[in-house]
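One file, model-v4.pdb, is given below (PDB, C-alpha atoms).
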```
MODEL        1
ATOM      1  CA  MET A 200     -62.707 -39.248 -25.082
ATOM      2  CA  ASP A 201     -61.049 -42.273 -23.525
ATOM      3  CA  GLN A 202     -58.809 -42.285 -20.468
ATOM      4  CA  ASP A 203     -55.528 -42.260 -22.458
ATOM      5  CA  GLN A 204     -56.589 -39.180 -24.444
ATOM      6  CA  GLU A 205     -57.586 -37.356 -21.281
ATOM      7  CA  GLN A 206     -54.155 -38.062 -19.779
ATOM      8  CA  THR A 207     -52.401 -36.762 -22.904
ATOM      9  CA  VAL A 208     -54.373 -33.514 -22.847
ATOM     10  CA  ALA A 209     -53.634 -33.055 -19.129
ATOM     11  CA  ASN A 210     -49.893 -33.513 -19.673
ATOM     12  CA  SER A 211     -49.981 -31.062 -22.584
ATOM     13  CA  SER A 212     -51.688 -28.382 -20.480
ATOM     14  CA  LEU A 213     -49.098 -28.815 -17.731
ATOM     15  CA  LYS A 214     -46.242 -28.211 -20.186
ATOM     16  CA  THR A 215     -47.785 -25.049 -21.614
ATOM     17  CA  SER A 216     -48.455 -23.620 -18.164
ATOM     18  CA  GLU A 217     -44.801 -23.769 -17.042
ATOM     19  CA  THR A 218     -43.459 -20.380 -15.906
ATOM     20  CA  PRO A 219     -39.981 -19.085 -16.780
ATOM     21  CA  ALA A 220     -38.970 -19.656 -13.170
ATOM     22  CA  ASP A 221     -39.722 -23.378 -13.567
ATOM     23  CA  LYS A 222     -37.315 -23.695 -16.500
ATOM     24  CA  PRO A 223     -33.649 -24.575 -15.991
ATOM     25  CA  GLN A 224     -31.441 -21.531 -15.524
ATOM     26  CA  VAL A 225     -29.449 -20.659 -18.632
ATOM     27  CA  ILE A 226     -26.417 -19.661 -16.574
ATOM     28  CA  GLU A 227     -25.184 -21.113 -13.320
ATOM     29  CA  ASP A 228     -24.195 -19.064 -10.324
ATOM     30  CA  LYS A 229     -20.586 -20.098 -10.883
ATOM     31  CA  TYR A 230     -19.351 -17.768 -13.601
ATOM     32  CA  GLY A 231     -16.530 -15.307 -13.863
ATOM     33  CA  CYS A 232     -13.319 -15.970 -11.912
ATOM     34  CA  GLU A 233     -11.791 -15.456  -8.477
ATOM     35  CA  HIS A 234     -11.225 -11.794  -9.303
ATOM     36  CA  TYR A 235     -14.509 -10.742 -10.942
ATOM     37  CA  LYS A 236     -18.039 -12.119 -11.285
ATOM     38  CA  ARG A 237     -18.892 -11.316 -14.902
ATOM     39  CA  LYS A 238     -20.654 -12.866 -17.892
ATOM     40  CA  SER A 239     -17.934 -12.253 -20.442
ATOM     41  CA  LYS A 240     -14.350 -13.197 -21.255
ATOM     42  CA  PHE A 241     -11.652 -11.041 -22.816
ATOM     43  CA  VAL A 242      -9.891 -11.758 -26.070
ATOM     44  CA  THR A 243      -6.436 -10.457 -25.202
ATOM     45  CA  PRO A 244      -4.874  -8.377 -27.990
ATOM     46  CA  CYS A 245      -1.315  -9.316 -27.023
ATOM     47  CA  CYS A 246      -1.593 -13.091 -27.549
ATOM     48  CA  ASP A 247      -5.123 -13.563 -28.965
ATOM     49  CA  LYS A 248      -6.130 -15.860 -26.107
ATOM     50  CA  VAL A 249      -9.336 -15.929 -24.054
ATOM     51  CA  TYR A 250      -9.239 -15.175 -20.317
ATOM     52  CA  PRO A 251     -11.924 -14.160 -17.773
ATOM     53  CA  CYS A 252      -9.904 -11.063 -16.773
ATOM     54  CA  ARG A 253      -6.487  -9.425 -17.001
ATOM     55  CA  PHE A 254      -5.349 -10.893 -13.685
ATOM     56  CA  CYS A 255      -6.064 -14.434 -14.893
ATOM     57  CA  HIS A 256      -4.040 -13.633 -18.021
ATOM     58  CA  ASP A 257      -1.092 -12.170 -16.104
ATOM     59  CA  GLU A 258      -0.969 -15.197 -13.787
ATOM     60  CA  GLN A 259      -0.624 -17.593 -16.736
ATOM     61  CA  GLU A 260       1.458 -15.625 -19.214
ATOM     62  CA  ALA A 261       4.978 -14.211 -19.076
ATOM     63  CA  HIS A 262       3.702 -10.774 -20.131
ATOM     64  CA  THR A 263       0.925  -8.456 -18.982
ATOM     65  CA  VAL A 264      -2.158  -7.274 -20.815
ATOM     66  CA  LYS A 265      -3.337  -3.676 -20.884
ATOM     67  CA  ARG A 266      -7.029  -3.744 -20.080
ATOM     68  CA  LYS A 267      -7.894  -0.635 -22.074
ATOM     69  CA  GLU A 268      -6.406  -2.134 -25.253
ATOM     70  CA  VAL A 269      -8.920  -5.011 -25.264
ATOM     71  CA  THR A 270     -11.348  -4.623 -28.173
ATOM     72  CA  GLU A 271     -13.166  -7.984 -28.223
ATOM     73  CA  LEU A 272     -14.946 -10.189 -25.731
ATOM     74  CA  ILE A 273     -16.937 -13.418 -25.697
ATOM     75  CA  CYS A 274     -20.329 -13.865 -24.019
ATOM     76  CA  VAL A 275     -20.290 -16.827 -21.630
ATOM     77  CA  LEU A 276     -23.994 -17.548 -22.290
ATOM     78  CA  CYS A 277     -24.111 -17.742 -26.089
ATOM     79  CA  ASP A 278     -20.375 -17.898 -26.833
ATOM     80  CA  THR A 279     -20.627 -14.975 -29.257
ATOM     81  CA  ARG A 280     -17.423 -13.120 -30.056
ATOM     82  CA  GLN A 281     -18.128  -9.408 -30.377
ATOM     83  CA  PRO A 282     -16.738  -5.901 -29.801
ATOM     84  CA  VAL A 283     -16.521  -4.657 -26.217
ATOM     85  CA  GLN A 284     -19.926  -3.382 -25.125
ATOM     86  CA  ALA A 285     -22.225  -3.385 -22.102
ATOM     87  CA  THR A 286     -24.693  -6.057 -23.293
ATOM     88  CA  CYS A 287     -24.420  -9.067 -25.583
ATOM     89  CA  GLN A 288     -25.422  -8.300 -29.159
ATOM     90  CA  LYS A 289     -27.053 -11.730 -29.499
ATOM     91  CA  CYS A 290     -28.671 -12.768 -26.205
ATOM     92  CA  HIS A 291     -28.802  -9.239 -24.736
ATOM     93  CA  VAL A 292     -27.483 -10.249 -21.321
ATOM     94  CA  ARG A 293     -25.687  -7.509 -19.388
ATOM     95  CA  PHE A 294     -22.076  -8.528 -18.796
ATOM     96  CA  GLY A 295     -21.891  -6.884 -15.380
ATOM     97  CA  LYS A 296     -24.117  -4.890 -13.040
ATOM     98  CA  TYR A 297     -21.215  -2.453 -12.806
ATOM     99  CA  THR A 298     -19.936  -1.581 -16.269
ATOM    100  CA  CYS A 299     -17.178   0.851 -17.241
ATOM    101  CA  LEU A 300     -16.483   0.857 -20.974
ATOM    102  CA  GLU A 301     -13.538   3.214 -20.507
ATOM    103  CA  CYS A 302     -11.718   0.652 -18.369
ATOM    104  CA  ASN A 303     -13.386  -2.414 -19.985
ATOM    105  CA  LEU A 304     -14.494  -3.440 -16.507
ATOM    106  CA  PHE A 305     -17.537  -5.628 -15.790
ATOM    107  CA  ASP A 306     -18.540  -6.933 -12.368
ATOM    108  CA  ASP A 307     -21.752  -8.317 -10.869
ATOM    109  CA  GLU A 308     -20.529  -7.871  -7.290
ATOM    110  CA  ASP A 309     -21.280  -4.584  -5.563
ATOM    111  CA  LYS A 310     -17.970  -3.165  -4.330
ATOM    112  CA  ASN A 311     -18.990   0.500  -4.432
ATOM    113  CA  GLN A 312     -17.043   0.868  -7.660
ATOM    114  CA  TYR A 313     -16.669   4.236  -9.340
ATOM    115  CA  HIS A 314     -14.588   5.600 -12.180
ATOM    116  CA  CYS A 315     -12.174   8.433 -11.352
ATOM    117  CA  ASP A 316     -11.354  10.631 -14.327
ATOM    118  CA  GLY A 317      -8.280  11.982 -12.544
ATOM    119  CA  CYS A 318      -6.795   8.556 -11.872
ATOM    120  CA  GLY A 319      -8.011   7.245 -15.204
ATOM    121  CA  ILE A 320      -9.153   3.952 -13.642
ATOM    122  CA  CYS A 321     -11.994   2.540 -11.566
ATOM    123  CA  ARG A 322     -11.702   2.624  -7.787
ATOM    124  CA  LEU A 323     -13.434   0.785  -4.925
ATOM    125  CA  GLY A 324     -15.062   2.157  -1.795
ATOM    126  CA  GLY A 325     -17.566   4.736  -3.026
ATOM    127  CA  ARG A 326     -17.126   8.110  -4.690
ATOM    128  CA  ASP A 327     -18.504   9.945  -1.641
ATOM    129  CA  ARG A 328     -15.723   8.579   0.596
ATOM    130  CA  PHE A 329     -12.789   9.704  -1.541
ATOM    131  CA  PHE A 330     -11.471  12.791  -3.304
ATOM    132  CA  HIS A 331      -8.888  13.122  -6.055
ATOM    133  CA  CYS A 332      -5.765  15.122  -5.155
ATOM    134  CA  ALA A 333      -4.383  16.673  -8.336
ATOM    135  CA  LYS A 334      -0.798  16.923  -7.025
ATOM    136  CA  CYS A 335      -0.642  13.430  -5.532
ATOM    137  CA  ASN A 336      -2.566  12.304  -8.639
ATOM    138  CA  MET A 337      -4.599   9.735  -6.749
ATOM    139  CA  CYS A 338      -7.797   9.268  -4.752
ATOM    140  CA  LEU A 339      -7.478   9.752  -1.000
ATOM    141  CA  PRO A 340      -9.975   9.400   1.882
ATOM    142  CA  VAL A 341     -12.003  12.564   2.460
ATOM    143  CA  GLU A 342     -10.621  12.662   6.030
ATOM    144  CA  LEU A 343      -7.248  13.656   4.539
ATOM    145  CA  GLN A 344      -8.568  16.389   2.271
ATOM    146  CA  ASN A 345      -7.265  19.233   4.442
ATOM    147  CA  GLY A 346      -4.539  17.412   6.336
ATOM    148  CA  HIS A 347      -2.308  15.253   4.145
ATOM    149  CA  LYS A 348       1.224  15.791   2.879
ATOM    150  CA  CYS A 349       1.234  16.049  -0.906
ATOM    151  CA  VAL A 350       3.867  14.056  -2.776
ATOM    152  CA  GLU A 351       3.707  14.614  -6.526
ATOM    153  CA  ASN A 352       2.507  11.547  -8.469
ATOM    154  CA  VAL A 353       3.011   9.464  -5.314
ATOM    155  CA  SER A 354       1.010   6.464  -6.507
ATOM    156  CA  HIS A 355       2.719   6.250  -9.889
ATOM    157  CA  ALA A 356       5.515   4.174  -8.434
ATOM    158  CA  ASN A 357       6.181   0.703  -7.113
ATOM    159  CA  CYS A 358       5.634  -0.303  -3.508
ATOM    160  CA  PRO A 359       9.067   0.054  -1.822
ATOM    161  CA  VAL A 360       8.611  -3.348  -0.142
ATOM    162  CA  CYS A 361       7.224  -5.727  -2.785
ATOM    163  CA  LEU A 362       8.162  -3.532  -5.796
ATOM    164  CA  GLU A 363       4.739  -4.007  -7.419
ATOM    165  CA  ASP A 364       2.795  -1.156  -9.006
ATOM    166  CA  ILE A 365       0.666   0.809  -6.555
ATOM    167  CA  HIS A 366      -1.539   2.884  -8.866
ATOM    168  CA  THR A 367      -3.353  -0.077 -10.416
ATOM    169  CA  SER A 368      -3.030  -2.452  -7.456
ATOM    170  CA  ARG A 369      -6.100  -4.110  -5.949
ATOM    171  CA  ILE A 370      -4.349  -4.237  -2.548
ATOM    172  CA  PRO A 371      -5.293  -1.356  -0.194
ATOM    173  CA  CYS A 372      -2.558   1.188   0.481
ATOM    174  CA  HIS A 373      -1.267   2.602   3.750
ATOM    175  CA  ILE A 374      -0.520   6.340   3.831
ATOM    176  CA  PRO A 375       2.034   7.222   6.566
ATOM    177  CA  ASN A 376       2.658  10.777   7.733
ATOM    178  CA  CYS A 377       5.563  11.203   5.317
ATOM    179  CA  GLY A 378       3.172  10.660   2.398
ATOM    180  CA  HIS A 379       5.024   7.777   0.717
ATOM    181  CA  LEU A 380       2.658   4.946  -0.157
ATOM    182  CA  LEU A 381       3.081   1.254   0.462
ATOM    183  CA  HIS A 382       0.685  -1.667   0.435
ATOM    184  CA  ARG A 383      -1.130  -2.173   3.727
ATOM    185  CA  THR A 384      -0.049  -5.817   3.809
ATOM    186  CA  CYS A 385       3.569  -4.745   3.248
ATOM    187  CA  PHE A 386       3.231  -2.144   6.020
ATOM    188  CA  GLU A 387       2.014  -4.815   8.424
ATOM    189  CA  ASP A 388       4.864  -7.131   7.374
ATOM    190  CA  LEU A 389       7.360  -4.366   8.154
ATOM    191  CA  LEU A 390       5.972  -3.882  11.654
ATOM    192  CA  HIS A 391       5.979  -7.626  12.342
ATOM    193  CA  SER A 392       9.635  -7.728  11.254
ATOM    194  CA  GLY A 393      10.607  -4.910  13.626
ATOM    195  CA  HIS A 394      11.029  -2.197  10.978
ATOM    196  CA  TYR A 395       9.279   1.044  11.909
ATOM    197  CA  ALA A 396      10.727   3.527   9.393
ATOM    198  CA  CYS A 397       9.515   4.371   5.891
ATOM    199  CA  PRO A 398      11.575   2.403   3.352
ATOM    200  CA  THR A 399      11.662   5.477   1.110
ATOM    201  CA  CYS A 400      12.605   8.349   3.448
ATOM    202  CA  GLN A 401      13.310   6.611   6.805
ATOM    203  CA  VAL A 402      10.772   8.753   8.716
ATOM    204  CA  SER A 403       8.965   6.845  11.492
ATOM    205  CA  LEU A 404       5.868   5.097  10.158
ATOM    206  CA  LEU A 405       3.822   5.565  13.352
ATOM    207  CA  ASP A 406       3.841   7.289  16.748
ATOM    208  CA  MET A 407       6.972   6.042  18.532
ATOM    209  CA  SER A 408       6.563   8.037  21.774
ATOM    210  CA  ASP A 409       6.253   4.932  23.961
ATOM    211  CA  LEU A 410       9.455   3.463  22.538
ATOM    212  CA  TRP A 411      11.344   6.736  22.983
ATOM    213  CA  ARG A 412      10.334   6.838  26.670
ATOM    214  CA  PHE A 413      11.487   3.236  27.055
ATOM    215  CA  LEU A 414      14.862   4.116  25.529
ATOM    216  CA  ASP A 415      15.140   7.145  27.827
ATOM    217  CA  ASN A 416      14.862   4.782  30.779
ATOM    218  CA  GLU A 417      17.389   2.362  29.252
ATOM    219  CA  VAL A 418      19.906   5.178  28.802
ATOM    220  CA  THR A 419      19.436   6.243  32.414
ATOM    221  CA  MET A 420      19.889   2.685  33.681
ATOM    222  CA  THR A 421      22.954   2.008  31.504
ATOM    223  CA  PRO A 422      25.801   4.385  32.401
ATOM    224  CA  MET A 423      28.668   4.578  29.941
ATOM    225  CA  PRO A 424      32.218   3.524  31.025
ATOM    226  CA  PRO A 425      34.327   6.420  32.390
ATOM    227  CA  GLU A 426      36.475   6.613  29.280
ATOM    228  CA  TYR A 427      33.367   7.233  27.137
ATOM    229  CA  LYS A 428      31.154   9.283  29.447
ATOM    230  CA  ASP A 429      32.278  12.600  27.939
ATOM    231  CA  PHE A 430      32.129  11.508  24.303
ATOM    232  CA  LYS A 431      29.894  13.492  21.958
ATOM    233  CA  ALA A 432      28.453  12.592  18.556
ATOM    234  CA  GLU A 433      27.031  14.708  15.769
ATOM    235  CA  ILE A 434      23.716  13.287  14.545
ATOM    236  CA  LEU A 435      20.986  13.824  11.967
ATOM    237  CA  CYS A 436      17.387  13.141  12.992
ATOM    238  CA  LYS A 437      15.445  11.228  10.352
ATOM    239  CA  ASP A 438      12.122  12.433  11.747
ATOM    240  CA  CYS A 439      12.629  16.217  12.009
ATOM    241  CA  HIS A 440      15.767  16.430   9.799
ATOM    242  CA  GLU A 441      17.609  18.576  12.334
ATOM    243  CA  GLU A 442      21.319  18.179  13.179
ATOM    244  CA  SER A 443      22.580  18.282  16.754
ATOM    245  CA  THR A 444      25.537  17.322  18.944
ATOM    246  CA  VAL A 445      24.573  14.877  21.705
ATOM    247  CA  LYS A 446      26.221  12.708  24.351
ATOM    248  CA  PHE A 447      27.280   9.392  22.868
ATOM    249  CA  HIS A 448      25.497   6.300  24.192
ATOM    250  CA  VAL A 449      25.409   2.732  22.935
ATOM    251  CA  VAL A 450      21.644   2.438  23.529
ATOM    252  CA  GLY A 451      20.772   5.286  21.188
ATOM    253  CA  LEU A 452      21.383   8.884  20.202
ATOM    254  CA  LYS A 453      18.462  11.142  21.069
ATOM    255  CA  CYS A 454      17.592  14.134  18.913
ATOM    256  CA  LEU A 455      17.705  17.384  20.895
ATOM    257  CA  SER A 456      14.985  18.933  18.723
ATOM    258  CA  CYS A 457      12.153  16.382  18.751
ATOM    259  CA  GLY A 458      13.301  13.679  21.187
ATOM    260  CA  SER A 459      13.397  10.937  18.572
ATOM    261  CA  TYR A 460      15.906   8.105  18.609
ATOM    262  CA  ASN A 461      15.437   7.616  14.860
ATOM    263  CA  THR A 462      18.827   9.207  14.208
ATOM    264  CA  CYS A 463      22.141   8.484  12.528
ATOM    265  CA  ARG A 464      25.704   9.665  13.166
ATOM    266  CA  ILE A 465      27.298  12.145  10.762
ATOM    267  CA  LYS A 466      30.750  13.715  10.396
ATOM    268  CA  GLY A 467      32.861  10.854  11.671
ATOM    269  CA  SER A 468      33.127   8.804  14.853
ATOM    270  CA  PRO A 469      32.215   9.927  18.392
ATOM    271  CA  CYS A 470      34.973  11.879  20.128
ATOM    272  CA  PRO A 471      35.584  13.423  23.558
ATOM    273  CA  ASP A 472      33.885  16.699  24.318
ATOM    274  CA  PRO A 473      36.465  19.523  23.750
ATOM    275  CA  GLU A 474      35.184  21.371  26.818
ATOM    276  CA  SER A 475      35.832  18.354  29.034
ATOM    277  CA  LEU A 476      39.337  18.084  27.569
ATOM    278  CA  ASP A 477      40.018  21.761  28.393
ATOM    279  CA  VAL A 478      38.827  21.258  31.947
ATOM    280  CA  ALA A 479      40.993  18.181  32.353
ATOM    281  CA  ALA A 480      43.999  19.986  30.889
ATOM    282  CA  SER A 481      43.603  23.027  33.154
ATOM    283  CA  GLY A 482      43.283  20.753  36.174
ATOM    284  CA  SER A 483      46.480  18.993  35.178
ATOM    285  CA  HIS A 484      48.392  22.269  34.837
ATOM    286  CA  SER A 485      47.234  23.553  38.228
ATOM    287  CA  GLY A 486      48.285  20.286  39.817
ATOM    288  CA  ASN A 487      51.797  20.625  38.383
ATOM    289  CA  ASP A 488      52.160  24.161  39.779
ATOM    290  CA  ASP A 489      51.271  22.965  43.284
ATOM    291  CA  HIS A 490      53.953  20.264  43.224
ATOM    292  CA  GLN A 491      56.987  22.202  42.019
ATOM    293  CA  PRO A 492      60.271  21.278  43.820
ATOM    294  CA  GLN A 493      60.767  23.503  46.852
ATOM    295  CA  GLY A 494      64.288  24.451  45.913
ATOM    296  CA  SER A 495      63.431  25.867  42.533
ATOM    297  CA  GLN A 496      63.452  29.623  42.203
ATOM    298  CA  THR A 497      62.830  31.965  39.388
ATOM    299  CA  GLN A 498      65.847  33.992  38.297
TER     300      GLN A 498
ENDMDL
END
```
Go ahead and render the structure in this file as structure tokens.
Amino acid sequence: MDQDQEQTVANSSLKTSETPADKPQVIEDKYGCEHYKRKSKFVTPCCDKVYPCRFCHDEQEAHTVKRKEVTELICVLCDTRQPVQATCQKCHVRFGKYTCLECNLFDDEDKNQYHCDGCGICRLGGRDRFFHCAKCNMCLPVELQNGHKCVENVSHANCPVCLEDIHTSRIPCHIPNCGHLLHRTCFEDLLHSGHYACPTCQVSLLDMSDLWRFLDNEVTMTPMPPEYKDFKAEILCKDCHEESTVKFHVVGLKCLSCGSYNTCRIKGSPCPDPESLDVAASGSHSGNDDHQPQGSQTQ
């Protein structure tokens, strides 16, 4: 065997000894979209177009797609169009490490996903960290299992700030003491804008004790003019929902039941206290009796 033949045989043996790891990868790391890392694309039933996920569709189209109505998908490896299933019928790749065929959800990223039968959708965060409240009809942190205020079907509504759906939103929710949900980002925007009451029921969104003490001091340091010092106002407290009659002050009207300044006036404008008017009137009458003309006599 000459030198050229020996070289040919050597090259041939090198090719046959290649391992699968030495071969080019069939799929690159960059697959899926900004929302999900998956090896499939949806064929949307509403417009018969191909999108990586429902969010990509909704961002481009003037209508929304219902994820559970999708019946076909396309494998990104072999480009095979097929019914929705966990693995490709041709190349047998799994479309996502997490797969939920009820929600048509595939994702290779571990987000502690789990499917909640009560909510009817997949949730994030881990099944062991949440429980489903039948009355609220949503998953809540286990810390609230014995201490939350139930509001029927609370998540089946729009966020009162951005007006987007809460139940299927990917944005975390904030649960204030009143029980009305809003997106956490919207809650933070409210606080940064100086709004501290629930947009739905007007109950304080957080502990306002420090602010109430500050307002107490402001009231003390800001006396009302003499003509208004005896004025009273009837108020309704938005925190405890009790009505009371309090001294009118321009700084704020403090609830007599819970001490909150989250109140509003009811039953008309502030007016003088009737008791102070009676005292003033009696003082006026006694003063007139003391200054009767000396020559006057009763007959």
Can you tell me how far CA of His256 (chain A) sits from CA of Leu339 (chain A), in Å to one decimal?
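Straight-line distance from CA of His256 (chain A) to CA of Leu339 (chain A) works out to 29.1 Å.
Distances to Leu304 (chain A) were evaluated for A:Val283, A:Cys245, A:Ala356, A:Met423 using only C-alpha atoms, and the minimum falls at A:Val283.
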Could you list the residues chosen by the PyMOL selection byres ((chain A and resi 305) around 12) in this structure as JSON, numbers by chain?
{"A": [231, 232, 234, 235, 236, 237, 238, 239, 240, 241, 251, 252, 253, 266, 272, 274, 283, 284, 285, 286, 293, 294, 295, 296, 297, 298, 299, 300, 301, 302, 303, 304, 306, 307, 308, 309, 310, 312, 313, 321]}
One decimal, Å: what's the distance from CA of Thr367 (chain A) over to CA of Arg328 (chain A), could you say?
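CA of Arg328 (chain A) lies 18.7 Å from CA of Thr367 (chain A).
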Kindly indicate which residue among A:Val445, A:Leu435, A:Leu389, A:Val450 lies nearest to Asp415 (chain A), using only C-alpha atoms for the distances.
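Smallest distance to Asp415 (chain A) is found for A:Val450.
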